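Shown here: upload16.txt, compact mmCIF, C-alpha atoms.
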# COMPACT_ATOMS: atom_id res chain seq x y z
CA MET A 1 -5.65 16.35 -17.87
CA SER A 2 -6.25 14.40 -21.09
CA PHE A 3 -4.16 13.27 -24.00
CA SER A 4 -5.22 13.46 -27.62
CA VAL A 5 -3.63 10.72 -29.69
CA ALA A 6 -4.12 12.85 -32.78
CA ALA A 7 -1.95 15.55 -31.18
CA ALA A 8 1.09 13.25 -30.92
CA THR A 9 4.08 14.51 -32.86
CA VAL A 10 7.10 12.82 -34.40
CA ASP A 11 10.47 14.12 -35.50
CA ARG A 12 11.12 12.85 -39.01
CA ALA A 13 14.75 14.04 -38.83
CA SER A 14 15.44 11.90 -35.76
CA PRO A 15 17.26 8.56 -36.12
CA VAL A 16 14.67 7.08 -33.73
CA PRO A 17 12.08 5.09 -35.75
CA LEU A 18 8.74 6.86 -36.18
CA TYR A 19 6.74 3.98 -34.73
CA TYR A 20 8.88 4.02 -31.59
CA GLN A 21 8.50 7.80 -31.15
CA LEU A 22 4.72 7.39 -31.30
CA ALA A 23 4.76 4.36 -29.00
CA GLN A 24 6.84 6.23 -26.40
CA GLN A 25 4.40 9.15 -26.34
CA LEU A 26 1.45 6.81 -25.94
CA GLU A 27 3.26 4.85 -23.22
CA ARG A 28 3.99 8.00 -21.22
CA ALA A 29 0.36 9.10 -21.54
CA ILE A 30 -0.88 5.69 -20.33
CA GLU A 31 1.51 5.51 -17.37
CA SER A 32 0.70 9.10 -16.30
CA GLY A 33 -3.05 8.46 -16.48
CA GLU A 34 -3.63 10.93 -19.30
CA LEU A 35 -4.86 7.95 -21.30
CA PRO A 36 -6.87 6.14 -18.60
CA ARG A 37 -7.73 2.48 -18.41
CA GLY A 38 -10.50 1.68 -20.89
CA ALA A 39 -9.74 4.61 -23.21
CA GLN A 40 -10.09 3.79 -26.91
CA LEU A 41 -7.46 4.81 -29.44
CA GLY A 42 -9.70 4.72 -32.48
CA ASN A 43 -9.27 3.24 -35.91
CA GLU A 44 -5.69 2.76 -37.18
CA ILE A 45 -6.58 4.20 -40.59
CA VAL A 46 -8.06 7.35 -39.04
CA LEU A 47 -5.10 7.72 -36.66
CA ALA A 48 -2.61 7.33 -39.49
CA ASP A 49 -4.38 10.04 -41.46
CA GLN A 50 -4.58 12.39 -38.46
CA LEU A 51 -0.91 11.91 -37.61
CA GLY A 52 0.35 12.03 -41.16
CA LEU A 53 1.93 8.61 -40.74
CA SER A 54 1.60 5.41 -42.70
CA ARG A 55 -0.80 2.79 -41.46
CA PRO A 56 2.02 0.21 -40.97
CA THR A 57 3.85 2.71 -38.73
CA VAL A 58 0.79 3.25 -36.56
CA ARG A 59 0.03 -0.49 -36.51
CA ARG A 60 3.60 -1.25 -35.42
CA ALA A 61 3.45 1.34 -32.61
CA ILE A 62 0.19 -0.12 -31.34
CA GLY A 63 1.52 -3.67 -31.68
CA TYR A 64 4.58 -2.72 -29.62
CA LEU A 65 2.34 -1.49 -26.78
CA VAL A 66 0.09 -4.56 -27.05
CA GLU A 67 3.18 -6.75 -26.55
CA ARG A 68 4.12 -4.68 -23.48
CA GLY A 69 0.67 -5.21 -21.97
CA LEU A 70 -0.43 -1.56 -22.18
CA LEU A 71 -3.00 -1.94 -24.95
CA VAL A 72 -5.33 -4.73 -25.99
CA ARG A 73 -7.11 -5.32 -29.28
CA ARG A 74 -10.71 -6.48 -28.82
CA ARG A 75 -12.84 -7.66 -31.73
CA GLY A 76 -15.82 -5.38 -32.22
CA VAL A 77 -14.46 -2.88 -29.69
CA GLY A 78 -11.11 -1.74 -31.07
CA THR A 79 -7.85 -0.94 -29.32
CA GLN A 80 -8.17 -0.08 -25.62
CA VAL A 81 -5.88 0.97 -22.83
CA VAL A 82 -5.47 -1.62 -20.10
CA GLN A 83 -4.00 -1.31 -16.61
CA PRO A 84 -0.37 -0.21 -17.12
CA ARG A 85 2.28 -2.54 -15.75
CA VAL A 86 4.54 -1.47 -12.97
CA ARG A 87 8.13 -1.69 -14.17
CA ARG A 88 10.67 -2.06 -11.43
CA ARG A 89 14.40 -1.84 -11.87
CA LEU A 90 16.35 -4.38 -9.87
CA GLU A 91 17.83 -2.08 -7.24
CA LEU A 92 17.92 -2.09 -3.45
CA THR A 93 14.68 -0.18 -3.07
CA SER A 94 11.25 -1.07 -1.73
CA LEU A 95 8.15 -1.58 -3.84
CA TYR A 96 6.45 1.20 -1.87
CA ASP A 97 9.24 3.66 -2.72
CA ASP A 98 9.20 2.65 -6.39
CA LEU A 99 5.42 3.00 -6.70
CA THR A 100 5.45 6.37 -4.94
CA SER A 101 8.19 7.77 -7.16
CA ASP A 102 6.30 6.51 -10.21
CA GLY A 103 3.05 8.19 -9.16
CA GLN A 104 1.25 4.85 -8.73
CA GLN A 105 -0.53 5.75 -5.42
CA PRO A 106 0.40 2.68 -3.35
CA THR A 107 -1.81 1.41 -0.54
CA THR A 108 -1.25 -1.49 1.83
CA ARG A 109 -3.36 -4.02 3.70
CA VAL A 110 -1.55 -5.81 6.52
CA LEU A 111 -2.50 -9.49 6.45
CA ALA A 112 -0.25 -10.64 9.31
CA LEU A 113 2.19 -9.16 11.83
CA ASP A 114 3.56 -11.31 14.63
CA ARG A 115 6.54 -13.20 16.04
CA ALA A 116 7.06 -16.81 15.07
CA PRO A 117 9.88 -19.38 14.94
CA ALA A 118 11.99 -18.87 11.82
CA PRO A 119 11.49 -21.50 9.11
CA ASP A 120 14.75 -23.22 8.15
CA LEU A 121 15.22 -21.17 4.98
CA VAL A 122 14.64 -17.91 6.85
CA ALA A 123 16.94 -18.84 9.74
CA GLN A 124 19.68 -19.75 7.28
CA ALA A 125 19.26 -16.48 5.34
CA LEU A 126 19.32 -14.33 8.49
CA GLY A 127 22.13 -16.28 10.14
CA LEU A 128 19.98 -17.31 13.10
CA PRO A 129 19.61 -20.62 14.96
CA GLU A 130 16.77 -22.80 13.68
CA GLY A 131 13.51 -21.95 15.42
CA GLU A 132 14.76 -18.55 16.63
CA PRO A 133 11.82 -16.12 16.83
CA VAL A 134 11.64 -13.58 14.01
CA LEU A 135 9.25 -10.77 13.20
CA THR A 136 7.02 -11.96 10.36
CA LEU A 137 4.77 -9.76 8.29
CA GLU A 138 2.58 -10.27 5.26
CA ARG A 139 1.06 -7.43 3.28
CA LEU A 140 -1.11 -6.97 0.21
CA ARG A 141 0.22 -4.08 -1.86
CA LEU A 142 -2.09 -2.23 -4.21
CA ALA A 143 -1.33 0.35 -6.89
CA ARG A 144 -4.14 2.71 -7.87
CA ASN A 145 -6.47 0.43 -5.86
CA GLU A 146 -5.52 -2.59 -8.01
CA PRO A 147 -4.02 -5.62 -6.13
CA LEU A 148 -0.44 -5.96 -7.32
CA ALA A 149 1.65 -8.09 -4.94
CA VAL A 150 1.74 -10.06 -1.71
CA LEU A 151 4.85 -9.32 0.35
CA ARG A 152 6.16 -11.66 3.06
CA ASN A 153 9.07 -10.35 5.12
CA TYR A 154 11.05 -11.75 8.04
CA LEU A 155 13.19 -9.51 10.29
CA PRO A 156 15.28 -10.02 13.44
CA VAL A 157 13.01 -9.23 16.39
CA ASP A 158 15.35 -6.55 17.77
CA LEU A 159 15.64 -4.63 14.48
CA VAL A 160 12.67 -2.25 14.40
CA ALA A 161 9.33 -1.80 16.15
CA LEU A 162 6.45 -2.15 13.69
CA THR A 163 2.71 -1.58 13.92
CA ARG A 164 -0.09 -2.30 11.50
CA GLU A 165 -0.87 1.42 11.32
CA ALA A 166 2.71 2.31 10.37
CA LEU A 167 2.92 -0.43 7.74
CA GLU A 168 -0.35 0.69 6.18
CA SER A 169 0.79 4.30 5.91
CA THR A 170 4.34 3.91 4.66
CA GLY A 171 6.86 1.41 3.34
CA LEU A 172 8.90 -1.09 5.34
CA TYR A 173 12.24 0.30 4.16
CA GLN A 174 11.22 3.81 5.21
CA LEU A 175 10.46 2.49 8.69
CA MET A 176 13.78 0.66 8.77
CA ARG A 177 15.67 3.79 7.72
CA ALA A 178 13.85 5.81 10.39
CA ALA A 179 15.04 3.25 12.97
CA GLY A 180 18.64 3.76 11.87
CA VAL A 181 18.98 0.66 9.70
CA ARG A 182 21.25 1.44 6.75
CA LEU A 183 20.71 -1.03 3.93
CA HIS A 184 23.87 -1.69 1.98
CA LEU A 185 23.41 -4.64 -0.38
CA ALA A 186 21.19 -7.62 -1.10
CA THR A 187 21.12 -10.93 -2.91
CA GLN A 188 17.98 -11.51 -4.95
CA THR A 189 16.42 -14.30 -7.00
CA VAL A 190 13.61 -13.74 -9.51
CA GLY A 191 11.38 -16.55 -10.76
CA ALA A 192 7.89 -17.39 -12.02
CA ARG A 193 5.11 -19.85 -11.25
CA SER A 194 1.32 -20.23 -11.31
CA ALA A 195 -1.00 -18.79 -8.67
CA SER A 196 -2.71 -21.05 -6.17
CA ALA A 197 -6.41 -20.54 -5.46
CA THR A 198 -5.58 -18.57 -2.28
CA GLU A 199 -3.00 -16.40 -4.01
CA ALA A 200 -5.33 -15.71 -6.92
CA ARG A 201 -8.11 -14.68 -4.53
CA LEU A 202 -5.82 -12.22 -2.72
CA LEU A 203 -4.72 -10.67 -6.00
CA GLY A 204 -8.16 -10.62 -7.61
CA ASP A 205 -6.93 -12.86 -10.40
CA ARG A 206 -7.73 -16.35 -11.73
CA ARG A 207 -6.29 -19.57 -10.39
CA ASN A 208 -3.10 -20.60 -12.23
CA ALA A 209 -2.57 -17.05 -13.45
CA PRO A 210 1.16 -16.33 -13.95
CA LEU A 211 3.05 -14.85 -11.02
CA LEU A 212 6.48 -13.30 -10.84
CA THR A 213 8.34 -14.25 -7.65
CA MET A 214 11.21 -12.66 -5.80
CA GLN A 215 13.33 -13.74 -2.83
CA ARG A 216 15.73 -11.25 -1.28
CA THR A 217 18.17 -11.23 1.61
CA ALA A 218 19.22 -7.68 2.54
CA TYR A 219 22.25 -6.68 4.62
CA ASP A 220 23.05 -3.49 6.52
CA ASP A 221 26.32 -1.57 6.33
CA SER A 222 27.85 -3.76 9.06
CA GLY A 223 27.21 -6.91 7.02
CA ARG A 224 24.35 -8.17 9.21
CA ALA A 225 21.43 -9.86 7.44
CA VAL A 226 18.43 -7.71 8.39
CA GLU A 227 15.66 -8.93 6.09
CA PHE A 228 14.53 -12.00 4.22
CA ALA A 229 11.71 -11.34 1.76
CA SER A 230 9.53 -13.66 -0.31
CA HIS A 231 7.19 -11.75 -2.64
CA TYR A 232 4.91 -12.63 -5.53
CA TYR A 233 3.47 -10.25 -8.13
CA ARG A 234 0.76 -10.34 -10.80
CA ALA A 235 2.68 -10.88 -14.02
CA SER A 236 -0.07 -9.11 -15.99
CA LEU A 237 0.64 -5.87 -14.09
CA TYR A 238 4.29 -6.09 -13.10
CA THR A 239 7.72 -6.53 -14.66
CA PHE A 240 11.30 -6.48 -13.44
CA GLU A 241 13.64 -4.32 -15.49
CA PHE A 242 17.32 -5.25 -15.84
CA VAL A 243 20.05 -2.82 -16.82
CA LEU A 244 22.90 -4.63 -18.55
CA SER A 245 26.27 -3.31 -19.60
CA ASN A 246 29.33 -4.64 -21.38
CA THR A 247 32.44 -3.94 -19.31
CA ARG A 248 34.88 -5.62 -21.68
Let me see whether you can do it: turn the structure in this file into structure tokens.
Amino acid sequence: MSFSVAAATVDRASPVPLYYQLAQQLERAIESGELPRGAQLGNEIVLADQLGLSRPTVRRAIGYLVERGLLVRRRGVGTQVVQPRVRRRLELTSLYDDLTSDGQQPTTRVLALDRAPAPDLVAQALGLPEGEPVLTLERLRLARNEPLAVLRNYLPVDLVALTREALESTGLYQLMRAAGVRLHLATQTVGARSASATEARLLGDRRNAPLLTMQRTAYDDSGRAVEFASHYYRASLYTFEFVLSNTR
């Protein structure tokens, strides 16, 4: 399946701005893979003529997608598609579930899976005595074979039996649900920092590249803390999406 930029259409009677209609069509084509990584969009003047749009409209649509990290302008090369970012709404779901539902083809490499004394922060989050053994796991999550995130999770040892094979073939939350764990709510903190040399190497990025970070404590329907997570993501490929509403 391929997408012809020249075949994009806009509704001039719609209240939605023309540049945004074009940008949305291009964004869907990029995220679906119809416009693959490295594809060139061509000259803005030619595109404007083919689409029957003004050059400023086309330039604004392209600029919007450049700001969102989906396109890049390269001198002497033109405008190219780059790796689309994964956008994740802040809900009580797993990264594996979100990537699967978005058609991102997730894969996992298990970096560690063992029992170890809970660090103070983990013990406090899970409501356990300091030094109590917990199940600790660390995974590298990839989307379309591109390193995306490193996931560190800590669980009570009696919660669920895990194997490397199971964690490489499915998501942690799926395994928890299969074991009868019913997640109910979570507290979550999102932040940002620079990548260390080790983190950059795992993610195939440069040292000091920007990372998005997330810490989460999840609770089951009885109110028991069942997971503490500490994850970091490549900011060039990943965003958190907030849904805000005015209840007043």
**OP:** Mind listing whatever residues come within 7 Å of the point (1.2, -9.5, 1.3)? Use all atoms listed in the file, file coordinates, and give them as a PyMOL selection string.
**Re:** chain A and resi 110-111+138-141+149-152
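Take the candidates A:Val82, A:Met214, A:Ala8, A:Leu65 and check each one against Thr189 (chain A) using all atoms listed in the file; the shortest distance goes to A:Met214.
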Subject >> Straight-line distance linking CA of Pro210 (chain A) with CA of Tyr20 (chain A), stated in Å to one decimal >> reply: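 Interatomic distance, CA of Pro210 (chain A) to CA of Tyr20 (chain A): 28.0 Å.
Of the listed residues A:Leu175, A:Val160, A:Leu148, A:Ala197, the one whose atoms come nearest to Arg234 (chain A) is A:Leu148, with distances taken using only C-alpha atoms.
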Original post:
Skipping near chain neighbours, those fewer than 2 positions away, what residues fall within 6 Å of Arg216 (chain A) using all atoms listed in the file, listed as JSON, numbers by chain?
Top reply: {"A": [187, 188, 228, 229]}
Original post:
How far is it from CA of Ala61 (chain A) to CA of Arg144 (chain A), in Å with one decimal?
Top reply: 25.9 Å
**OP:** Could you pull out every residue with an atom within 10 Å of (14.2, -8.4, 16.8), file coordinates, counting all atoms listed in the file, and send them as a ChimeraX atom specification?
**Re:** /A:115,133-135,154-161,226
Residue selection dump (C-alpha atoms) as an mmCIF file, in the coordinates of the input:
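Written out: part-v9.cif:
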data_model
loop_
_atom_site.group_PDB
_atom_site.id
_atom_site.type_symbol
_atom_site.label_atom_id
_atom_site.label_comp_id
_atom_site.auth_asym_id
_atom_site.auth_seq_id
_atom_site.Cartn_x
_atom_site.Cartn_y
_atom_site.Cartn_z
ATOM 1 C CA ARG A 115 6.540 -13.200 16.040
ATOM 2 C CA PRO A 133 11.820 -16.120 16.830
ATOM 3 C CA VAL A 134 11.640 -13.580 14.010
ATOM 4 C CA LEU A 135 9.250 -10.770 13.200
ATOM 5 C CA TYR A 154 11.050 -11.750 8.040
ATOM 6 C CA LEU A 155 13.190 -9.510 10.290
ATOM 7 C CA PRO A 156 15.280 -10.020 13.440
ATOM 8 C CA VAL A 157 13.010 -9.230 16.390
ATOM 9 C CA ASP A 158 15.350 -6.550 17.770
ATOM 10 C CA LEU A 159 15.640 -4.630 14.480
ATOM 11 C CA VAL A 160 12.670 -2.250 14.400
ATOM 12 C CA ALA A 161 9.330 -1.800 16.150
ATOM 13 C CA VAL A 226 18.430 -7.710 8.390
#
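For the pair CA of Arg224 (chain A) and CA of Leu167 (chain A), the separation is 22.8 Å.
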**OP:** Rank A:Ala23, A:Ile30, A:Ala225, A:Leu53 by their smallest atom-to-atom distance to Gln124 (chain A), using only C-alpha atoms, and report the top residue only.
**Re:** A:Ala225
**OP:** Write out as a PyMOL selection string each polymer residue whose atoms come within 6 Å of Thr213 (chain A), counting only C-alpha atoms; drop sequence neighbours fewer than 4 positions from it.
**Re:** chain A and resi 190-192+231-232
**OP:** Excluding region 71-73 of chain A and residues on its chain fewer than 6 positions from it, collect all residues at most 10 Å away from it, counting only C-alpha atoms, and give them as a list in words.
**Re:**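 Within the cut-off, the hits are Leu26, Glu27, Ile30, Arg37, Gly38, Ala39, Gln40, Leu41, Ile62, Gly63, Tyr64, Leu65, Thr79, Gln80, Val81, Val82, Gln83 and Pro84 of chain A.
Comparing A:Leu202, A:Leu70, A:Ala112, A:Leu128 by their smallest distance to Leu162 (chain A), the closest is A:Ala112 (using only C-alpha atoms).
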Subject >> Using all atoms listed in the file: which of A:Thr198, A:Thr163, A:Gln215, A:Asn208 has the shortest distance to Ala186 (chain A) >> reply: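 Ranked by minimum distance to Ala186 (chain A), first place goes to A:Gln215.
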Original post:
Hey, which of A:Ala166, A:Leu113, A:Ala179, A:Ala209 ends up closest to Asn153 (chain A)? Count all atoms listed in the file.
Top reply: A:Leu113
